[in-house]
Amino acid sequence: QVQLVESGGGLVQPGGSLRVSCAISVSVLRINVMGWFRQAPEKERELVALITKSGSTNYADSVKGRFTISRDNSENTIYLLMNSLSLDDTAVYSCFADDNVRRYWGQGTQVTVSS
């Protein structure tokens, strides 16, 4: 059973930084794609960033240049480093992982940007 456990959300001031983590219960090398979605109240869910098995990355236009997704194969964990956070980045951030069968989800972690 594949499980994803997120951590690192919280409250941060505008302009600040935050890093969220997503640990997976299997080897990341078994996973084709991992990444993060986010959803703010009354907004559609948005794909924020993803990283493929080969290490390629892709970002939403809204976060390019500010967010960085990375992976630690030895820890079976991916990270999302978020810099220059703004009020619009407030959302629940959910980690996902795709293998050859299905998509798995983490429980979500709240990121709140507020002064």
# chains A, B, ... in the order shown; residues from 1 in each chain; ligands from 1
>>> closest_atom_pairs(of="region 1-66 of chain A", to="region 74-83 of chain A", cutoff="8 Å", atoms="only C-alpha atoms", output="tab-separated table")
residue	atom	partner	partner_atom	distance
A:Gly15	CA	A:Asn83	CA	7.1
A:Gly16	CA	A:Asn83	CA	6.2
A:Ser17	CA	A:Asn83	CA	4.4
A:Leu18	CA	A:Met82	CA	5.2
A:Arg19	CA	A:Leu81	CA	4.4
A:Val20	CA	A:Leu80	CA	5.3
A:Ser21	CA	A:Tyr79	CA	4.5
A:Cys22	CA	A:Ile78	CA	5.3
A:Ala23	CA	A:Thr77	CA	4.2
A:Ile24	CA	A:Asn76	CA	5.7
A:Ser25	CA	A:Asn76	CA	7.4
A:Val26	CA	A:Asn76	CA	7.1
A:Ser27	CA	A:Asn76	CA	5.8
A:Val28	CA	A:Asn76	CA	5.3
A:Met34	CA	A:Ile78	CA	7.7
A:Gly35	CA	A:Ile78	CA	7.7
A:Trp36	CA	A:Leu80	CA	8.0
A:Arg66	CA	A:Asn83	CA	5.1
>>> write_last_selection(atoms="N, CA, C and O atoms", output="PDB file, in the first residue's frame")
ATOM      1  N   GLY A  15       6.250  37.413   1.603  1.00  0.00           N
ATOM      2  CA  GLY A  15       7.662  37.547   1.293  1.00  0.00           C
ATOM      3  C   GLY A  15       8.533  36.490   1.912  1.00  0.00           C
ATOM      4  O   GLY A  15       9.725  36.369   1.582  1.00  0.00           O
ATOM      5  N   GLY A  16       7.969  35.699   2.794  1.00  0.00           N
ATOM      6  CA  GLY A  16       8.732  34.672   3.481  1.00  0.00           C
ATOM      7  C   GLY A  16       8.847  33.391   2.684  1.00  0.00           C
ATOM      8  O   GLY A  16       8.396  33.295   1.538  1.00  0.00           O
ATOM      9  N   SER A  17       9.487  32.415   3.324  1.00  0.00           N
ATOM     10  CA  SER A  17       9.713  31.119   2.684  1.00  0.00           C
ATOM     11  C   SER A  17       9.206  29.994   3.567  1.00  0.00           C
ATOM     12  O   SER A  17       9.135  30.134   4.796  1.00  0.00           O
ATOM     13  N   LEU A  18       8.917  28.886   2.927  1.00  0.00           N
ATOM     14  CA  LEU A  18       8.441  27.705   3.635  1.00  0.00           C
ATOM     15  C   LEU A  18       8.787  26.496   2.787  1.00  0.00           C
ATOM     16  O   LEU A  18       8.773  26.576   1.552  1.00  0.00           O
ATOM     17  N   ARG A  19       9.095  25.390   3.452  1.00  0.00           N
ATOM     18  CA  ARG A  19       9.332  24.155   2.728  1.00  0.00           C
ATOM     19  C   ARG A  19       8.388  23.077   3.241  1.00  0.00           C
ATOM     20  O   ARG A  19       8.301  22.839   4.439  1.00  0.00           O
ATOM     21  N   VAL A  20       7.688  22.455   2.321  1.00  0.00           N
ATOM     22  CA  VAL A  20       6.829  21.321   2.659  1.00  0.00           C
ATOM     23  C   VAL A  20       7.453  20.041   2.119  1.00  0.00           C
ATOM     24  O   VAL A  20       8.147  20.072   1.103  1.00  0.00           O
ATOM     25  N   SER A  21       7.209  18.957   2.827  1.00  0.00           N
ATOM     26  CA  SER A  21       7.796  17.671   2.474  1.00  0.00           C
ATOM     27  C   SER A  21       6.700  16.644   2.262  1.00  0.00           C
ATOM     28  O   SER A  21       5.614  16.748   2.833  1.00  0.00           O
ATOM     29  N   CYS A  22       7.028  15.639   1.475  1.00  0.00           N
ATOM     30  CA  CYS A  22       6.091  14.537   1.234  1.00  0.00           C
ATOM     31  C   CYS A  22       6.909  13.249   1.197  1.00  0.00           C
ATOM     32  O   CYS A  22       7.692  13.034   0.255  1.00  0.00           O
ATOM     33  N   ALA A  23       6.725  12.417   2.201  1.00  0.00           N
ATOM     34  CA  ALA A  23       7.418  11.141   2.276  1.00  0.00           C
ATOM     35  C   ALA A  23       6.503  10.041   1.767  1.00  0.00           C
ATOM     36  O   ALA A  23       5.327   9.976   2.117  1.00  0.00           O
ATOM     37  N   ILE A  24       7.061   9.174   0.928  1.00  0.00           N
ATOM     38  CA  ILE A  24       6.284   8.077   0.351  1.00  0.00           C
ATOM     39  C   ILE A  24       6.769   6.760   0.940  1.00  0.00           C
ATOM     40  O   ILE A  24       7.955   6.610   1.249  1.00  0.00           O
ATOM     41  N   SER A  25       5.842   5.800   1.084  1.00  0.00           N
ATOM     42  CA  SER A  25       6.139   4.553   1.788  1.00  0.00           C
ATOM     43  C   SER A  25       6.845   3.515   0.926  1.00  0.00           C
ATOM     44  O   SER A  25       7.184   2.438   1.414  1.00  0.00           O
ATOM     45  N   VAL A  26       7.033   3.833  -0.359  1.00  0.00           N
ATOM     46  CA  VAL A  26       7.750   2.922  -1.248  1.00  0.00           C
ATOM     47  C   VAL A  26       8.916   3.684  -1.870  1.00  0.00           C
ATOM     48  O   VAL A  26       9.029   4.896  -1.698  1.00  0.00           O
ATOM     49  N   SER A  27       9.748   2.971  -2.591  1.00  0.00           N
ATOM     50  CA  SER A  27      10.852   3.645  -3.251  1.00  0.00           C
ATOM     51  C   SER A  27      10.326   4.634  -4.292  1.00  0.00           C
ATOM     52  O   SER A  27       9.450   4.304  -5.096  1.00  0.00           O
ATOM     53  N   VAL A  28      10.858   5.840  -4.272  1.00  0.00           N
ATOM     54  CA  VAL A  28      10.431   6.824  -5.266  1.00  0.00           C
ATOM     55  C   VAL A  28      10.763   6.357  -6.688  1.00  0.00           C
ATOM     56  O   VAL A  28      10.171   6.824  -7.653  1.00  0.00           O
ATOM     57  N   MET A  34       5.717  12.538  -9.227  1.00  0.00           N
ATOM     58  CA  MET A  34       5.270  13.037  -7.918  1.00  0.00           C
ATOM     59  C   MET A  34       5.167  14.546  -7.997  1.00  0.00           C
ATOM     60  O   MET A  34       5.860  15.188  -8.807  1.00  0.00           O
ATOM     61  N   GLY A  35       4.312  15.094  -7.150  1.00  0.00           N
ATOM     62  CA  GLY A  35       4.201  16.542  -7.176  1.00  0.00           C
ATOM     63  C   GLY A  35       3.204  17.057  -6.171  1.00  0.00           C
ATOM     64  O   GLY A  35       2.804  16.350  -5.244  1.00  0.00           O
ATOM     65  N   TRP A  36       2.791  18.299  -6.402  1.00  0.00           N
ATOM     66  CA  TRP A  36       1.907  19.000  -5.477  1.00  0.00           C
ATOM     67  C   TRP A  36       0.777  19.705  -6.241  1.00  0.00           C
ATOM     68  O   TRP A  36       1.025  20.373  -7.251  1.00  0.00           O
ATOM     69  N   ARG A  66       9.775  31.041  -8.162  1.00  0.00           N
ATOM     70  CA  ARG A  66       9.626  31.192  -6.710  1.00  0.00           C
ATOM     71  C   ARG A  66       9.655  29.851  -5.991  1.00  0.00           C
ATOM     72  O   ARG A  66      10.151  29.757  -4.871  1.00  0.00           O
TER      73      ARG A  66
END
>>> residues_around(residues="region 56-64 of chain A", least_positions_apart="4", cutoff="10 Å", atoms="only C-alpha atoms", output="NGL selection string")
:A and (33-37 or 46-52 or 68-70 or 82-85 or 88-89)
>>> write_last_selection(atoms="all heavy atoms", output="short mmCIF file (atom, residue, chain, number, x, y, z; two decimals), in the first residue's frame")
data_model
loop_
_atom_site.label_atom_id
_atom_site.label_comp_id
_atom_site.auth_asym_id
_atom_site.auth_seq_id
_atom_site.Cartn_x
_atom_site.Cartn_y
_atom_site.Cartn_z
N VAL A 33 5.63 9.84 -11.47
CA VAL A 33 5.55 11.29 -11.26
C VAL A 33 5.11 11.55 -9.83
O VAL A 33 4.22 10.87 -9.30
CB VAL A 33 4.52 11.95 -12.21
CG1 VAL A 33 4.48 13.46 -11.99
CG2 VAL A 33 4.84 11.63 -13.67
N MET A 34 5.72 12.54 -9.23
CA MET A 34 5.27 13.04 -7.92
C MET A 34 5.17 14.55 -8.00
O MET A 34 5.86 15.19 -8.81
CB MET A 34 6.24 12.65 -6.81
CG MET A 34 6.23 11.18 -6.46
SD MET A 34 7.25 10.79 -5.01
CE MET A 34 6.22 11.48 -3.69
N GLY A 35 4.31 15.09 -7.15
CA GLY A 35 4.20 16.54 -7.18
C GLY A 35 3.20 17.06 -6.17
O GLY A 35 2.80 16.35 -5.24
N TRP A 36 2.79 18.30 -6.40
CA TRP A 36 1.91 19.00 -5.48
C TRP A 36 0.78 19.70 -6.24
O TRP A 36 1.03 20.37 -7.25
CB TRP A 36 2.69 20.06 -4.71
CG TRP A 36 3.81 19.52 -3.89
CD1 TRP A 36 5.07 19.25 -4.29
CD2 TRP A 36 3.75 19.15 -2.52
NE1 TRP A 36 5.82 18.75 -3.26
CE2 TRP A 36 5.04 18.67 -2.15
CE3 TRP A 36 2.75 19.18 -1.54
CZ2 TRP A 36 5.33 18.23 -0.87
CZ3 TRP A 36 3.06 18.75 -0.27
CH2 TRP A 36 4.33 18.26 0.06
N PHE A 37 -0.41 19.54 -5.70
CA PHE A 37 -1.53 20.37 -6.08
C PHE A 37 -1.81 21.30 -4.91
O PHE A 37 -1.39 21.05 -3.78
CB PHE A 37 -2.79 19.53 -6.34
CG PHE A 37 -2.86 18.92 -7.70
CD1 PHE A 37 -2.26 17.70 -7.96
CD2 PHE A 37 -3.56 19.54 -8.72
CE1 PHE A 37 -2.34 17.12 -9.22
CE2 PHE A 37 -3.65 18.97 -9.98
CZ PHE A 37 -3.04 17.75 -10.23
N GLU A 46 -5.21 23.47 -8.32
CA GLU A 46 -4.16 23.88 -9.27
C GLU A 46 -2.95 22.98 -9.10
O GLU A 46 -2.49 22.74 -7.98
CB GLU A 46 -3.77 25.34 -9.00
CG GLU A 46 -2.62 25.85 -9.85
CD GLU A 46 -2.17 27.24 -9.46
OE1 GLU A 46 -2.33 27.63 -8.28
OE2 GLU A 46 -1.63 27.96 -10.33
N LEU A 47 -2.45 22.50 -10.23
CA LEU A 47 -1.19 21.76 -10.19
C LEU A 47 -0.06 22.76 -10.01
O LEU A 47 0.13 23.63 -10.85
CB LEU A 47 -0.99 20.96 -11.48
CG LEU A 47 0.35 20.22 -11.61
CD1 LEU A 47 0.52 19.20 -10.51
CD2 LEU A 47 0.45 19.56 -12.97
N VAL A 48 0.69 22.61 -8.94
CA VAL A 48 1.74 23.56 -8.60
C VAL A 48 3.08 23.17 -9.21
O VAL A 48 3.74 23.98 -9.86
CB VAL A 48 1.88 23.68 -7.07
CG1 VAL A 48 3.03 24.61 -6.71
CG2 VAL A 48 0.58 24.15 -6.45
N ALA A 49 3.47 21.93 -8.99
CA ALA A 49 4.77 21.48 -9.47
C ALA A 49 4.80 19.96 -9.50
O ALA A 49 4.10 19.31 -8.72
CB ALA A 49 5.89 21.99 -8.56
N LEU A 50 5.63 19.43 -10.39
CA LEU A 50 5.80 17.99 -10.44
C LEU A 50 7.24 17.65 -10.80
O LEU A 50 7.97 18.48 -11.37
CB LEU A 50 4.83 17.34 -11.43
CG LEU A 50 4.92 17.71 -12.91
CD1 LEU A 50 5.99 16.89 -13.63
CD2 LEU A 50 3.57 17.49 -13.59
N ILE A 51 7.61 16.42 -10.45
CA ILE A 51 8.93 15.92 -10.79
C ILE A 51 8.77 14.49 -11.28
O ILE A 51 8.06 13.70 -10.67
CB ILE A 51 9.91 16.02 -9.60
CG1 ILE A 51 11.31 15.57 -10.00
CG2 ILE A 51 9.40 15.25 -8.38
CD1 ILE A 51 12.38 15.95 -8.97
N THR A 52 9.38 14.18 -12.40
CA THR A 52 9.25 12.85 -12.98
C THR A 52 10.33 11.91 -12.45
O THR A 52 11.28 12.34 -11.78
CB THR A 52 9.35 12.91 -14.50
OG1 THR A 52 10.71 13.25 -14.86
CG2 THR A 52 8.39 13.92 -15.08
N THR A 68 10.51 25.65 -5.85
CA THR A 68 11.41 24.63 -6.38
C THR A 68 11.02 23.27 -5.81
O THR A 68 10.92 23.11 -4.59
CB THR A 68 12.86 24.93 -5.99
OG1 THR A 68 13.23 26.23 -6.47
CG2 THR A 68 13.79 23.88 -6.59
N ILE A 69 10.80 22.32 -6.71
CA ILE A 69 10.51 20.95 -6.28
C ILE A 69 11.79 20.14 -6.41
O ILE A 69 12.56 20.31 -7.35
CB ILE A 69 9.36 20.34 -7.12
CG1 ILE A 69 8.92 19.01 -6.53
CG2 ILE A 69 9.74 20.22 -8.59
CD1 ILE A 69 7.63 18.45 -7.15
N SER A 70 12.00 19.27 -5.42
CA SER A 70 13.19 18.44 -5.45
C SER A 70 12.87 17.08 -4.83
O SER A 70 11.81 16.90 -4.23
CB SER A 70 14.35 19.10 -4.69
OG SER A 70 14.01 19.31 -3.34
N MET A 82 9.23 26.98 -1.13
CA MET A 82 8.41 28.10 -1.59
C MET A 82 9.02 29.40 -1.08
O MET A 82 9.11 29.61 0.13
CB MET A 82 6.98 27.94 -1.09
CG MET A 82 6.34 26.63 -1.53
SD MET A 82 4.65 26.40 -0.91
CE MET A 82 4.99 26.00 0.81
N ASN A 83 9.44 30.23 -2.00
CA ASN A 83 10.02 31.53 -1.67
C ASN A 83 9.11 32.66 -2.13
O ASN A 83 8.21 32.46 -2.95
CB ASN A 83 11.39 31.68 -2.34
CG ASN A 83 12.42 30.71 -1.81
OD1 ASN A 83 12.47 30.42 -0.62
ND2 ASN A 83 13.27 30.20 -2.70
N SER A 84 9.36 33.84 -1.59
CA SER A 84 8.60 35.04 -1.98
C SER A 84 7.09 34.77 -1.93
O SER A 84 6.35 35.10 -2.87
CB SER A 84 9.01 35.49 -3.38
OG SER A 84 10.39 35.77 -3.45
N LEU A 85 6.66 34.19 -0.83
CA LEU A 85 5.25 33.82 -0.72
C LEU A 85 4.36 35.05 -0.64
O LEU A 85 4.73 36.07 -0.05
CB LEU A 85 5.06 32.95 0.51
CG LEU A 85 5.56 31.51 0.35
CD1 LEU A 85 5.75 30.83 1.70
CD2 LEU A 85 4.60 30.70 -0.51
N ASP A 88 -1.76 35.09 -2.17
CA ASP A 88 -2.39 34.20 -3.14
C ASP A 88 -1.88 32.77 -3.05
O ASP A 88 -2.46 31.87 -3.67
CB ASP A 88 -2.16 34.72 -4.56
CG ASP A 88 -2.96 35.97 -4.86
OD1 ASP A 88 -3.94 36.24 -4.13
OD2 ASP A 88 -2.60 36.69 -5.81
N ASP A 89 -0.80 32.55 -2.32
CA ASP A 89 -0.28 31.20 -2.16
C ASP A 89 -0.94 30.44 -1.03
O ASP A 89 -0.67 29.25 -0.82
CB ASP A 89 1.23 31.25 -1.93
CG ASP A 89 2.00 31.80 -3.12
OD1 ASP A 89 1.70 31.38 -4.26
OD2 ASP A 89 2.88 32.66 -2.91
#
>>> closest_residue(among="A:Pro14, A:Gly65, A:Val92, A:Val5", to="Glu44 (chain A)", atoms="only C-alpha atoms")
A:Val92
>>> select_by_dssp(residues="chain A", states="helix (DSSP H, G or I)", output="PyMOL selection string")
chain A and resi 28-30+87-89
>>> closest_residue(among="A:Ser115, A:Cys95, A:Tyr104, A:Lys43", to="Ser7 (chain A)", atoms="only C-alpha atoms")
A:Cys95
>>> residues_around(residues="region 100-103 of chain A", least_positions_apart="2", cutoff="9 Å", atoms="only C-alpha atoms", output="PDB file with C-alpha atoms, in the first residue's frame")
ATOM      1  CA  ARG A  30       8.833   2.962  -8.445  1.00  0.00           C
ATOM      2  CA  ILE A  31       6.897   6.164  -9.031  1.00  0.00           C
ATOM      3  CA  ASN A  32       6.529   7.817 -12.419  1.00  0.00           C
ATOM      4  CA  PHE A  96       0.426  13.113  -5.151  1.00  0.00           C
ATOM      5  CA  ALA A  97       2.241  10.170  -6.681  1.00  0.00           C
ATOM      6  CA  ASP A  98       1.484   8.305  -9.907  1.00  0.00           C
ATOM      7  CA  TRP A 105      -2.696  11.319  -2.407  1.00  0.00           C
TER       8      TRP A 105
END
>>> residues_around(residues="Gly9 (chain A)", least_positions_apart="3", cutoff="6 Å", atoms="only C-alpha atoms", output="VMD selection string")
chain A and resid 20 109 to 111
>>> closest_residue(among="A:Leu11, A:Gln3, A:Lys53, A:Gln39", to="Ser86 (chain A)", atoms="only C-alpha atoms")
A:Leu11
>>> select_by_dssp(residues="chain A", states="strand (DSSP E)", output="MDAnalysis selection string")
chainID A and resid 4:7 10:12 18:24 33:39 46:52 57:59 67:72 77:82 91:98 103:105 109:113
>>> atom_distance(atom1="CA of Arg45 (chain A)", atom2="CA of Arg71 (chain A)")
22.7 Å
